[in-house]
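*Asks:* Following this line is coords08.txt, made up of compact mmCIF, C-alpha atoms:
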# COMPACT_ATOMS: atom_id res chain seq x y z
CA MET R 1 77.01 89.32 21.47
CA LEU R 2 74.58 89.36 18.57
CA PHE R 3 70.87 89.78 17.99
CA ILE R 4 68.78 87.20 16.15
CA HIS R 5 66.14 88.80 13.93
CA GLN R 6 64.71 85.98 11.87
CA THR R 7 65.06 82.19 11.77
CA THR R 8 64.06 79.22 9.65
CA CYS R 9 64.42 75.51 10.23
CA ILE R 10 63.87 72.39 8.16
CA SER R 11 63.89 69.42 10.50
CA PRO R 12 62.23 66.06 11.14
CA GLN R 13 59.42 67.98 12.89
CA GLN R 14 56.88 70.49 11.60
CA THR R 15 59.18 73.49 11.68
CA PHE R 16 58.89 74.83 8.11
CA PRO R 17 57.50 77.07 6.75
CA GLU R 18 57.08 79.51 9.60
CA LYS R 19 53.30 79.72 9.31
CA ASP R 20 52.98 75.93 9.80
CA ILE R 21 55.25 75.50 12.83
CA ASN R 22 53.82 72.96 15.28
CA LEU R 23 56.17 71.78 18.04
CA GLU R 24 53.48 70.11 20.14
CA TYR R 25 53.06 67.22 17.71
CA LEU R 26 56.00 64.83 17.61
CA TYR R 27 56.75 63.00 14.35
CA GLU R 28 58.16 59.52 14.97
CA SER R 29 61.49 58.14 13.85
CA SER R 30 61.77 55.20 11.48
CA ASP R 31 64.56 52.62 11.54
CA ASN R 32 66.41 54.68 14.20
CA LYS R 33 66.49 57.69 11.88
CA LEU R 34 64.75 61.03 12.09
CA LYS R 35 64.75 62.29 8.52
CA ALA R 36 64.01 65.91 7.69
CA ARG R 37 60.50 66.61 6.44
CA ASP R 38 60.80 67.57 2.78
CA PRO R 39 59.06 70.93 2.29
CA GLY R 40 58.83 70.53 -1.50
CA TYR R 41 61.28 73.37 -2.24
CA GLU R 42 58.88 75.21 -4.54
CA ASN R 43 61.15 78.27 -4.59
CA ILE R 44 64.09 76.37 -6.06
CA PRO R 45 63.96 75.92 -9.88
CA ALA R 46 63.45 72.24 -10.76
CA ASN R 47 66.53 72.16 -12.97
CA GLN R 48 68.69 73.29 -10.04
CA LEU R 49 66.93 71.15 -7.47
CA ARG R 50 67.58 67.87 -9.31
CA LYS R 51 71.34 68.46 -9.16
CA MET R 52 71.44 69.21 -5.45
CA GLY R 53 72.47 66.71 -2.82
CA LYS R 54 70.25 66.44 0.22
CA SER R 55 72.26 68.75 2.48
CA VAL R 56 72.37 71.42 -0.23
CA ARG R 57 68.59 71.16 -0.63
CA LEU R 58 68.12 71.46 3.14
CA GLY R 59 70.44 74.45 3.37
CA MET R 60 69.08 76.24 0.33
CA GLY R 61 65.48 75.56 1.33
CA ALA R 62 66.03 76.98 4.81
CA ALA R 63 68.08 79.96 3.60
CA LEU R 64 65.85 81.18 0.78
CA PRO R 65 63.17 82.85 2.96
CA LEU R 66 65.94 84.91 4.63
CA ILE R 67 67.84 85.89 1.49
CA PRO R 68 65.59 88.87 0.58
CA LYS R 69 67.10 90.65 3.60
CA ASP R 70 70.35 90.79 1.58
CA PRO R 71 72.86 89.73 4.23
CA LYS R 72 76.44 91.00 4.06
CA GLY R 73 77.75 87.47 4.37
CA ILE R 74 76.82 83.78 4.43
CA ILE R 75 78.40 81.67 7.19
CA ILE R 76 77.56 77.97 7.31
CA GLY R 77 78.53 75.30 9.81
CA THR R 78 78.42 71.72 8.54
CA ALA R 79 80.40 68.62 9.44
CA ASN R 80 79.48 66.32 6.59
CA ALA R 81 77.82 68.25 3.77
CA GLY R 82 79.08 67.01 0.45
CA MET R 83 80.54 63.85 2.00
CA GLU R 84 77.99 61.59 0.29
CA GLU R 85 78.80 63.06 -3.13
CA SER R 86 82.52 63.07 -2.34
CA ILE R 87 82.45 59.33 -1.59
CA GLU R 88 80.37 58.70 -4.72
CA PHE R 89 82.90 60.64 -6.80
CA MET R 90 85.82 58.65 -5.37
CA LYS R 91 83.90 55.44 -6.05
CA GLN R 92 83.57 56.53 -9.68
CA ILE R 93 87.32 57.08 -9.88
CA ILE R 94 87.87 53.47 -8.84
CA ASP R 95 84.98 51.92 -10.79
CA HIS R 96 85.92 53.69 -14.02
CA ASN R 97 89.66 53.44 -13.61
CA GLU R 98 90.22 57.20 -13.46
CA GLY R 99 88.45 57.63 -16.82
CA ILE R 100 85.78 60.18 -17.71
CA LEU R 101 83.96 61.10 -14.50
CA SER R 102 80.54 62.59 -13.83
CA PRO R 103 80.90 66.29 -12.93
CA GLY R 104 77.70 66.45 -10.86
CA THR R 105 79.04 64.64 -7.81
CA PHE R 106 82.35 66.49 -8.08
CA VAL R 107 80.63 69.89 -8.05
CA GLN R 108 78.79 68.93 -4.87
CA SER R 109 81.59 67.05 -3.17
CA THR R 110 82.85 69.77 -0.84
CA PRO R 111 81.19 71.15 2.29
CA ASN R 112 81.18 74.75 1.01
CA THR R 113 78.68 73.80 -1.71
CA ILE R 114 75.81 74.93 0.53
CA ALA R 115 77.11 78.44 1.19
CA SER R 116 78.23 78.84 -2.42
CA GLN R 117 74.91 77.64 -3.86
CA ILE R 118 73.03 80.11 -1.64
CA SER R 119 75.40 82.80 -2.84
CA LEU R 120 75.07 81.89 -6.53
CA TYR R 121 71.30 81.68 -6.36
CA SER R 122 70.88 84.99 -4.54
CA GLY R 123 73.71 86.87 -6.24
CA ASN R 124 75.24 87.56 -2.83
CA LYS R 125 78.89 88.48 -3.33
CA GLY R 126 79.68 89.15 0.33
CA TYR R 127 81.70 87.17 2.86
CA ASN R 128 81.13 83.46 2.21
CA ILE R 129 82.62 80.78 4.39
CA THR R 130 81.98 77.29 5.73
CA HIS R 131 83.11 75.90 9.08
CA VAL R 132 83.59 72.15 9.28
CA HIS R 133 84.72 71.33 12.80
CA ALA R 134 82.52 68.23 13.33
CA GLY R 135 80.37 68.76 16.44
CA MET R 136 81.63 72.34 16.74
CA ALA R 137 80.94 73.39 13.15
CA PHE R 138 77.89 75.51 13.95
CA GLU R 139 79.48 76.95 17.09
CA ASN R 140 82.49 78.08 15.06
CA ALA R 141 80.18 79.62 12.45
CA LEU R 142 78.52 81.57 15.28
CA LEU R 143 81.87 82.63 16.70
CA ASP R 144 82.96 83.87 13.27
CA THR R 145 79.69 85.78 12.90
CA ALA R 146 80.01 87.32 16.37
CA MET R 147 83.49 88.59 15.50
CA LEU R 148 82.23 90.09 12.23
CA ILE R 149 79.38 91.83 14.05
CA LYS R 150 81.75 93.13 16.69
CA GLU R 151 83.61 94.93 13.90
CA ASN R 152 80.48 95.96 11.98
CA PRO R 153 77.43 95.95 14.29
CA LEU R 154 75.07 97.28 11.63
CA ASN R 155 75.83 94.52 9.13
CA THR R 156 73.37 91.63 8.89
CA TYR R 157 74.69 88.10 8.31
CA LEU R 158 73.11 84.77 7.48
CA VAL R 159 74.47 82.03 9.74
CA GLY R 160 73.31 78.44 9.78
CA GLY R 161 73.97 74.81 10.58
CA VAL R 162 73.27 71.97 8.14
CA ASP R 163 73.85 68.23 8.10
CA GLU R 164 72.22 65.21 6.50
CA ILE R 165 72.02 61.49 7.21
CA GLY R 166 74.39 60.16 4.56
CA THR R 167 74.44 56.45 3.83
CA LYS R 168 78.18 56.02 4.21
CA ASN R 169 78.55 58.30 7.21
CA HIS R 170 75.64 56.66 8.94
CA ASN R 171 77.20 53.23 8.44
CA ILE R 172 80.55 54.39 9.82
CA ASP R 173 78.93 56.02 12.89
CA ARG R 174 76.71 52.97 13.41
CA LEU R 175 79.70 50.63 13.34
CA GLN R 176 81.37 52.91 15.89
CA SER R 177 78.27 52.43 18.09
CA TRP R 178 77.08 56.03 17.92
CA TYR R 179 73.64 54.74 16.90
CA LYS R 180 71.62 52.19 18.80
CA LYS R 181 71.73 48.56 17.73
CA GLU R 182 68.19 47.86 18.88
CA LEU R 183 65.21 49.59 17.32
CA VAL R 184 64.22 52.60 19.45
CA SER R 185 61.56 55.20 18.71
CA ASN R 186 62.41 58.85 19.35
CA ILE R 187 59.32 58.97 21.58
CA HIS R 188 61.07 56.57 23.98
CA LEU R 189 64.62 57.74 23.29
CA TYR R 190 65.48 58.72 26.88
CA GLU R 191 64.14 55.48 28.36
CA ALA R 192 66.65 53.35 26.44
CA ASP R 193 69.39 52.08 28.74
CA SER R 194 71.97 51.40 26.03
CA PRO R 195 74.77 53.06 24.08
CA GLY R 196 74.11 55.10 20.96
CA SER R 197 71.40 57.45 19.79
CA ILE R 198 69.19 57.81 16.72
CA ALA R 199 70.39 59.60 13.59
CA GLY R 200 69.06 63.00 12.64
CA GLU R 201 69.45 65.80 10.14
CA GLY R 202 68.27 69.29 9.39
CA ALA R 203 69.09 72.89 8.57
CA ALA R 204 68.56 75.94 10.76
CA MET R 205 69.30 79.48 9.56
CA PHE R 206 69.52 82.77 11.45
CA LEU R 207 69.62 86.40 10.36
CA VAL R 208 71.74 88.25 12.89
CA ASN R 209 73.25 91.67 13.47
CA GLY R 210 74.23 93.98 16.33
CA ASN R 211 70.96 95.89 16.38
CA LYS R 212 68.57 95.17 19.25
CA THR R 213 65.54 96.85 17.65
CA ASN R 214 62.87 94.31 16.63
CA ALA R 215 65.16 91.37 17.43
CA MET R 216 63.57 88.09 18.55
CA ALA R 217 66.43 87.01 20.84
CA ARG R 218 69.80 88.08 22.16
CA PHE R 219 72.67 85.63 21.69
CA LYS R 220 74.76 86.61 24.68
CA ALA R 221 77.72 84.27 24.74
CA LEU R 222 79.21 80.97 23.67
CA THR R 223 81.92 78.72 25.06
CA THR R 224 83.23 75.42 23.75
CA LEU R 225 85.59 72.77 25.02
CA TYR R 226 86.97 69.33 24.29
CA SER R 227 86.90 66.95 27.24
CA GLU R 228 85.96 63.44 28.29
CA ASP R 229 85.76 64.46 31.95
CA GLU R 230 82.31 65.45 33.23
CA ASP R 231 83.77 67.45 36.13
CA ILE R 232 85.77 69.60 33.73
CA VAL R 233 82.67 70.15 31.59
CA ALA R 234 80.52 71.06 34.60
CA GLY R 235 83.32 73.32 35.84
CA ARG R 236 83.34 75.18 32.52
CA MET R 237 79.59 75.58 32.72
CA GLN R 238 79.83 77.06 36.22
CA TRP R 239 82.57 79.45 35.09
CA PHE R 240 80.48 80.44 32.06
CA LEU R 241 77.43 81.24 34.19
CA ASP R 242 79.47 83.13 36.79
CA ASP R 243 81.03 85.14 33.98
CA GLN R 244 77.84 85.92 32.06
CA LEU R 245 75.00 86.24 34.56
CA ARG R 246 74.58 89.38 36.59
CA THR R 247 73.78 89.18 40.30
CA GLY R 248 70.22 88.03 40.77
CA GLU R 249 69.92 86.58 37.26
CA ASN R 250 68.99 82.92 36.83
CA ILE R 251 68.77 80.39 34.05
CA ASP R 252 65.07 79.76 33.45
CA LEU R 253 65.59 76.90 31.04
CA LEU R 254 68.49 74.52 30.49
CA LEU R 255 68.09 72.94 27.06
CA THR R 256 70.33 69.91 26.73
CA GLY R 257 71.42 67.68 23.89
CA GLU R 258 70.82 64.49 25.88
CA ASN R 259 70.48 61.84 23.19
CA GLY R 260 69.64 58.51 24.83
CA ASP R 261 73.25 57.30 24.87
CA ASP R 262 73.82 55.94 28.37
CA ARG R 263 77.58 56.56 28.09
CA LEU R 264 77.00 60.32 27.88
CA LEU R 265 74.49 60.68 30.71
CA LYS R 266 77.26 61.55 33.19
CA PHE R 267 77.85 64.87 31.38
CA PHE R 268 74.22 65.90 31.50
CA SER R 269 73.80 64.82 35.13
CA ALA R 270 76.87 66.84 36.11
CA CYS R 271 75.60 69.96 34.32
CA GLU R 272 72.04 69.63 35.59
CA SER R 273 73.32 69.31 39.17
CA ILE R 274 74.68 72.86 38.97
CA MET R 275 71.25 74.30 38.23
CA ASP R 276 69.01 75.37 41.09
CA ASN R 277 65.50 74.03 41.56
CA GLU R 278 63.99 76.98 39.75
CA THR R 279 65.56 75.97 36.44
CA THR R 280 63.47 73.85 34.11
CA VAL R 281 65.49 71.20 32.24
CA ALA R 282 64.37 70.29 28.70
CA ARG R 283 65.75 68.11 25.89
CA PHE R 284 65.60 68.40 22.10
CA LYS R 285 67.34 65.41 20.47
CA HIS R 286 64.12 63.34 20.42
CA MET R 287 62.88 65.96 17.93
CA CYS R 288 65.85 66.24 15.58
CA GLY R 289 68.01 63.17 16.24
CA GLU R 290 71.78 63.23 16.66
CA TYR R 291 73.95 65.01 14.10
CA PRO R 292 77.03 67.23 14.34
CA THR R 293 75.19 70.54 13.93
CA ALA R 294 72.14 69.66 16.06
CA SER R 295 72.99 72.65 18.26
CA SER R 296 71.63 74.85 15.44
CA PHE R 297 68.26 73.15 15.93
CA ALA R 298 68.58 73.84 19.68
CA LEU R 299 69.22 77.53 19.03
CA TRP R 300 66.19 77.64 16.74
CA ILE R 301 64.10 76.03 19.52
CA ALA R 302 65.45 78.58 22.01
CA CYS R 303 64.32 81.41 19.70
CA GLN R 304 60.86 79.84 19.50
CA VAL R 305 60.63 79.53 23.29
CA LEU R 306 61.73 83.13 23.85
CA THR R 307 59.45 84.52 21.17
CA ASN R 308 56.34 82.53 22.02
CA GLN R 309 57.08 82.03 25.74
CA ALA R 310 55.92 78.44 25.35
CA LEU R 311 57.61 75.06 25.75
CA PRO R 312 56.10 71.75 24.56
CA GLN R 313 55.47 69.33 27.44
CA HIS R 314 57.28 66.46 25.66
CA MET R 315 60.56 68.39 25.89
CA ILE R 316 60.54 68.76 29.68
CA LYS R 317 62.78 66.50 31.75
CA LYS R 318 62.63 68.30 35.09
CA GLY R 319 60.67 71.21 36.47
CA SER R 320 57.60 72.77 34.98
CA ILE R 321 56.41 75.09 32.24
CA LYS R 322 57.16 78.63 33.32
CA LYS R 323 55.20 81.83 32.93
CA GLU R 324 58.25 83.61 31.60
CA TYR R 325 61.52 82.53 30.00
CA LYS R 326 64.27 85.16 30.12
CA ASN R 327 67.58 83.31 30.09
CA LEU R 328 68.12 80.02 28.26
CA LEU R 329 71.27 77.96 28.42
CA ILE R 330 71.88 75.39 25.68
CA TYR R 331 74.31 72.60 26.49
CA ASN R 332 75.20 70.31 23.60
CA ASN R 333 77.56 67.38 23.53
CA TYR R 334 78.80 65.57 20.43
CA LYS R 335 80.21 62.08 20.83
CA GLY R 336 81.15 62.69 24.46
CA MET R 337 84.06 64.89 23.45
CA GLN R 338 82.91 68.18 21.94
CA HIS R 339 80.88 70.37 24.30
CA SER R 340 79.27 73.75 23.80
CA PHE R 341 77.30 76.17 25.96
CA MET R 342 75.23 78.93 24.42
CA LEU R 343 73.48 81.61 26.45
CA VAL R 344 70.42 83.14 24.80
CA SER R 345 68.08 85.67 26.36
CA LYS R 346 64.81 87.45 25.85
CA ILE R 347 64.91 90.99 24.51
CA SER R 348 64.04 93.27 27.40
CA MET Y 1 65.57 44.31 -42.69
CA ASN Y 2 64.41 47.93 -42.68
CA GLN Y 3 61.68 47.06 -40.19
CA MET Y 4 64.25 45.39 -37.91
CA ASN Y 5 66.57 48.41 -38.09
CA THR Y 6 63.67 50.72 -37.27
CA MET Y 7 62.75 48.58 -34.30
CA GLU Y 8 66.34 48.53 -33.03
CA THR Y 9 66.56 52.29 -33.37
CA GLY Y 10 63.28 52.65 -31.51
CA GLN Y 11 64.56 50.44 -28.70
CA LEU Y 12 67.77 52.42 -28.57
CA LYS Y 13 65.85 55.70 -28.33
CA GLN Y 14 63.75 54.33 -25.48
CA GLN Y 15 66.87 53.05 -23.71
CA LEU Y 16 68.68 56.35 -24.18
CA LYS Y 17 65.74 58.33 -22.78
CA GLU Y 18 65.69 56.10 -19.69
CA GLN Y 19 69.44 56.53 -19.27
CA ILE Y 20 69.23 60.32 -19.62
CA ILE Y 21 66.47 60.48 -17.00
CA LYS Y 22 68.53 58.35 -14.63
CA PHE Y 23 71.88 60.06 -15.25
CA LEU Y 24 70.50 63.59 -14.99
CA ASN Y 25 68.02 62.80 -12.20
CA LEU Y 26 65.09 64.15 -14.22
CA THR Y 27 62.60 63.01 -11.61
CA SER Y 28 59.60 64.80 -13.11
CA VAL Y 29 60.13 63.43 -16.64
CA THR Y 30 59.23 60.04 -18.16
CA PRO Y 31 60.57 58.63 -21.47
CA ASP Y 32 57.17 59.33 -23.03
CA ASN Y 33 57.58 63.05 -22.17
CA ILE Y 34 60.73 63.35 -24.29
CA LYS Y 35 60.06 63.74 -28.00
CA ASP Y 36 62.68 62.40 -30.40
CA ASP Y 37 63.19 65.83 -31.99
CA GLN Y 38 62.79 67.90 -28.82
CA PRO Y 39 65.84 70.13 -28.18
CA LEU Y 40 67.66 68.93 -25.09
CA PHE Y 41 69.07 72.33 -24.19
CA GLY Y 42 67.35 75.63 -23.56
CA GLU Y 43 64.11 76.62 -21.91
CA GLY Y 44 60.69 76.76 -23.57
CA GLU Y 45 60.32 73.90 -26.03
CA GLY Y 46 63.60 72.35 -24.87
CA LEU Y 47 64.20 69.95 -22.03
CA GLY Y 48 66.06 72.72 -20.18
CA LEU Y 49 69.44 71.01 -19.84
CA ASP Y 50 72.57 73.12 -19.21
CA SER Y 51 76.34 72.95 -19.65
CA ILE Y 52 76.88 70.65 -16.64
CA ASP Y 53 74.27 68.31 -18.12
CA SER Y 54 76.16 68.25 -21.42
CA LEU Y 55 79.20 66.94 -19.54
CA GLU Y 56 77.00 64.32 -17.88
CA LEU Y 57 75.74 63.26 -21.33
CA ILE Y 58 79.33 62.90 -22.57
CA VAL Y 59 80.05 60.65 -19.56
CA LEU Y 60 76.88 58.67 -20.32
CA LEU Y 61 77.90 58.08 -23.95
CA ASN Y 62 81.35 56.96 -22.83
CA ARG Y 63 80.16 54.56 -20.15
CA GLU Y 64 77.18 53.05 -21.90
CA TYR Y 65 78.32 53.04 -25.54
CA GLY Y 66 82.09 53.38 -25.44
CA ILE Y 67 81.98 56.70 -27.31
CA ILE Y 68 84.46 59.49 -26.57
CA ILE Y 69 83.59 62.96 -27.86
CA ARG Y 70 86.80 64.99 -27.79
CA ASP Y 71 85.90 67.89 -30.10
CA PRO Y 72 83.46 70.44 -28.59
CA LYS Y 73 82.25 71.35 -32.11
CA GLU Y 74 81.35 67.73 -32.70
CA GLY Y 75 79.60 67.62 -29.33
CA ARG Y 76 77.42 70.57 -30.24
CA LYS Y 77 76.26 68.74 -33.38
CA VAL Y 78 75.61 65.47 -31.57
CA LEU Y 79 73.95 66.64 -28.36
CA VAL Y 80 70.98 68.30 -30.03
CA ASP Y 81 68.10 65.89 -29.51
CA ILE Y 82 67.40 62.16 -29.15
CA ASN Y 83 67.48 61.64 -32.94
CA THR Y 84 70.98 63.13 -33.35
CA ILE Y 85 72.42 61.28 -30.38
CA VAL Y 86 70.97 57.93 -31.46
CA ALA Y 87 72.28 58.42 -35.01
CA TYR Y 88 75.74 59.12 -33.59
CA ILE Y 89 75.57 56.10 -31.26
CA GLU Y 90 74.58 53.77 -34.11
CA LYS Y 91 77.53 54.99 -36.16
CA ASN Y 92 80.21 55.14 -33.48
CA ARG Y 93 79.38 52.80 -30.62
CA THR Y 94 82.03 50.34 -29.50
CA LYS Y 95 79.87 48.47 -27.01
Have the structure of the file written as structure tokens, please.

*Replies:*
Amino acid sequence: MLFIHQTTCISPQQTFPEKDINLEYLYESSDNKLKARDPGYENIPANQLRKMGKSVRLGMGAALPLIPKDPKGIIIGTANAGMEESIEFMKQIIDHNEGILSPGTFVQSTPNTIASQISLYSGNKGYNITHVHAGMAFENALLDTAMLIKENPLNTYLVGGVDEIGTKNHNIDRLQSWYKKELVSNIHLYEADSPGSIAGEGAAMFLVNGNKTNAMARFKALTTLYSEDEDIVAGRMQWFLDDQLRTGENIDLLLTGENGDDRLLKFFSACESIMDNETTVARFKHMCGEYPTASSFALWIACQVLTNQALPQHMIKKGSIKKEYKNLLIYNNYKGMQHSFMLVSKIS
Amino acid sequence: MNQMNTMETGQLKQQLKEQIIKFLNLTSVTPDNIKDDQPLFGEGEGLGLDSIDSLELIVLLNREYGIIIRDPKEGRKVLVDINTIVAYIEKNRTK
């Protein structure tokens, strides 16, 4: 268990900076992509900014407002950060016959560039690690953080999830039919009766520790599994709820990563069928698009809902807006194989 | 003849400025913003380039002009400003 004290999020919606957050208005996708809204990055020196790849900019931009709290460690989950630069660097090797190569793309060609750049910029010499387990990257970053906090409850850590829409990665995923062939707007994402989703990107950061005082949300538990069987996934969800909820406790909001891919609907239907009629079901992928660490955006949304006790109407799939949200369950699914459940609750 | 050489040097300076902007992703700079004698490195009057940029410039000179700078001391004399780089290109270029 850990307590979330502060969050930031750069996404395709108006989520950054904190004073300008507006979740009611929905920015539309273009060409089946939901690209992150560029906040201008005024806090990053221009000479550093020009050398950063997109995912590094997203991660640094989201992390900087939280850095003054001087976390004891920086833990980042990312599936593809640095991949664009890595491919560009390998292309140079071929194009220039292993001759003199540009160092810029090499420096940025590994996923841990985000965590290390945050560390270099802030002078943070604490624990610094990057988790890269595709659709479980952010979940593993959280698990790592939870273990650190279990050992040192008073330590504060920066944990986040970052991914970008890279040209090469997008093409590979599109050819594997993870993105829709026909043009679909995010506003009508869930009406599309076809395989694939729309691409997304973003960075969400969280300052966490084991101290309940002044926290905005309690991250109670997390479970992950690999499966292509919806009954196994629903069974894990039932076990998770039985294990975590006390007698009389309910899930007020189930926040799912339904993404418009008709091949994956069976998982969401199976999980929703476990919920009682009192549980409101909401979705978030029409806001951020599909990417491996989209669950970090979901956790950021959960913190917003718990803090403000408000849920935008466009997110609701089933049920109604409630007067009070106490327990939120996030169910995310990446490529019909990697599943995660995160239980987040209001500070009582 | 002198006039032609001057014009060629001027064209080369313009081309080099455009290449530097592209190679180093200097998005807020145009060729007109870079003076021929403006120091490339250091803050203040300089363009603010750093050690990673110097490696990028060495790659640029190799790819665009066929020049290989092997000696760091030589590099420090060449990579001063547009004038010094262009003079070195005119003397040593292989393409």

*Asks:* May I have the protein, DNA and RNA residues with any atom at most 6 Å from the point (80.8, 52.4, -29.2), counting all atoms listed in the file, written as a PDB file with C-alpha atoms, keeping the file's coordinate frame?

*Replies:*
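Saved as part.pdb:
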ATOM      1  CA  TYR Y  65      78.320  53.040 -25.540  1.00  0.00           C
ATOM      2  CA  GLY Y  66      82.090  53.380 -25.440  1.00  0.00           C
ATOM      3  CA  ILE Y  67      81.980  56.700 -27.310  1.00  0.00           C
ATOM      4  CA  ASN Y  92      80.210  55.140 -33.480  1.00  0.00           C
ATOM      5  CA  ARG Y  93      79.380  52.800 -30.620  1.00  0.00           C
ATOM      6  CA  THR Y  94      82.030  50.340 -29.500  1.00  0.00           C
ATOM      7  CA  LYS Y  95      79.870  48.470 -27.010  1.00  0.00           C
TER       8      LYS Y  95
END

*Asks:* Can you work out which residues from chain R touch chain Y at a cut-off of 10 Å (counting only C-alpha atoms) and hand them back as a count of residues only?

*Replies:* 15

*Asks:* Which of these residues is nearest to Asn83 (chain Y), using only C-alpha atoms: Y:Ile21, Y:Thr9, Y:Gly46, Y:Gln15?

*Replies:*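 The closest residue to Asn83 (chain Y) is Y:Thr9.
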
*Asks:* For region 31-45 of chain R, list every protein, DNA or RNA residue within 6 Å, evaluated using only C-alpha atoms, and leave out those in the same chain fewer than 2 positions away; present the list as a VMD selection string.

*Replies:* chain R and resid 11 to 12 29 47 to 48 61 198 to 202 289

*Asks:* Suppose you want the space between CA of Phe267 (chain R) and CA of Asp231 (chain R); what is it in Å?

*Replies:* 8.0 Å

*Asks:* Near Gly82 (chain R), within 9 Å and counting only C-alpha atoms, which residues show up once chain neighbours fewer than 6 positions away are dropped, as a ChimeraX atom specification?

*Replies:* /R:53-56,105,108-114

*Asks:* Separation of CA of Ala234 (chain R) and CA of Ser340 (chain R), in Å?

*Replies:*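 A separation of 11.2 Å between them.
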
*Asks:* Skipping near chain neighbours, those fewer than 6 positions away, what residues fall within 12 Å of Leu12 (chain Y) using only C-alpha atoms, listed as a short mmCIF file (atom, residue, chain, number, x, y, z; two decimals) with C-alpha atoms, in the coordinates of the input?

*Replies:*
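To be explicit, this is the file written out as result.cif:
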data_model
loop_
_atom_site.label_atom_id
_atom_site.label_comp_id
_atom_site.auth_asym_id
_atom_site.auth_seq_id
_atom_site.Cartn_x
_atom_site.Cartn_y
_atom_site.Cartn_z
CA ASN Y 5 66.57 48.41 -38.09
CA THR Y 6 63.67 50.72 -37.27
CA GLU Y 18 65.69 56.10 -19.69
CA GLN Y 19 69.44 56.53 -19.27
CA PRO Y 31 60.57 58.63 -21.47
CA ASP Y 36 62.68 62.40 -30.40
CA GLU Y 64 77.18 53.05 -21.90
CA TYR Y 65 78.32 53.04 -25.54
CA ILE Y 82 67.40 62.16 -29.15
CA ASN Y 83 67.48 61.64 -32.94
CA ILE Y 85 72.42 61.28 -30.38
CA VAL Y 86 70.97 57.93 -31.46
CA ALA Y 87 72.28 58.42 -35.01
CA TYR Y 88 75.74 59.12 -33.59
CA ILE Y 89 75.57 56.10 -31.26
CA GLU Y 90 74.58 53.77 -34.11
CA ARG Y 93 79.38 52.80 -30.62
#

*Asks:* Which residue gives the smallest distance to Phe3 (chain R) among R:Ala79, R:Ile21, R:Met237, R:Ala217, with all atoms listed in the file counted?

*Replies:*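 When distances to Phe3 (chain R) are compared using all atoms listed in the file, the smallest one comes from R:Ala217.
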
*Asks:* Excluding region 332-338 of chain R and residues on its chain fewer than 6 positions from it, collect all residues at most 6 Å away from it, counting only C-alpha atoms, and give them as a ChimeraX atom specification.

*Replies:* /R:135,226-228,256-257,264

*Asks:* Please, what distance in Å, to one decimal, runs between CA of Leu154 (chain R) and CA of Glu18 (chain R)?

*Replies:*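 Taking CA of Leu154 (chain R) and CA of Glu18 (chain R), their separation equals 25.4 Å.
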
*Asks:* Leaving out Asn250 (chain R) and any residue of its chain fewer than 4 positions from it, which residues lie within 10 Å of it when counting all atoms listed in the file, given as a short mmCIF file (atom, residue, chain, number, x, y, z; two decimals) with C-alpha atoms, keeping the file's coordinate frame?

*Replies:*
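selection_19.cif, written as the output of this step:
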data_model
loop_
_atom_site.label_atom_id
_atom_site.label_comp_id
_atom_site.auth_asym_id
_atom_site.auth_seq_id
_atom_site.Cartn_x
_atom_site.Cartn_y
_atom_site.Cartn_z
CA LEU R 241 77.43 81.24 34.19
CA LEU R 245 75.00 86.24 34.56
CA ARG R 246 74.58 89.38 36.59
CA MET R 275 71.25 74.30 38.23
CA ASP R 276 69.01 75.37 41.09
CA GLU R 278 63.99 76.98 39.75
CA THR R 279 65.56 75.97 36.44
CA LYS R 326 64.27 85.16 30.12
CA ASN R 327 67.58 83.31 30.09
CA LEU R 328 68.12 80.02 28.26
#

*Asks:* Quick one: what's the axis-aligned box for region 12-29 of chain Y, all listed atoms, 3 Å on every side, centre and edges in Å to one decimal, as JSON?

*Replies:*
{"center_x": 65.7, "center_y": 58.6, "center_z": -20.1, "size_x": 18.3, "size_y": 18.4, "size_z": 23.0}

*Asks:* Identify which of the residues R:Leu311, R:Ile129, R:Met1, R:Cys9 lies closest to Leu23 (chain R), counting all atoms listed in the file when measuring atom-to-atom distances.

*Replies:*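 The shortest atom-to-atom distance to Leu23 (chain R) comes from R:Leu311.
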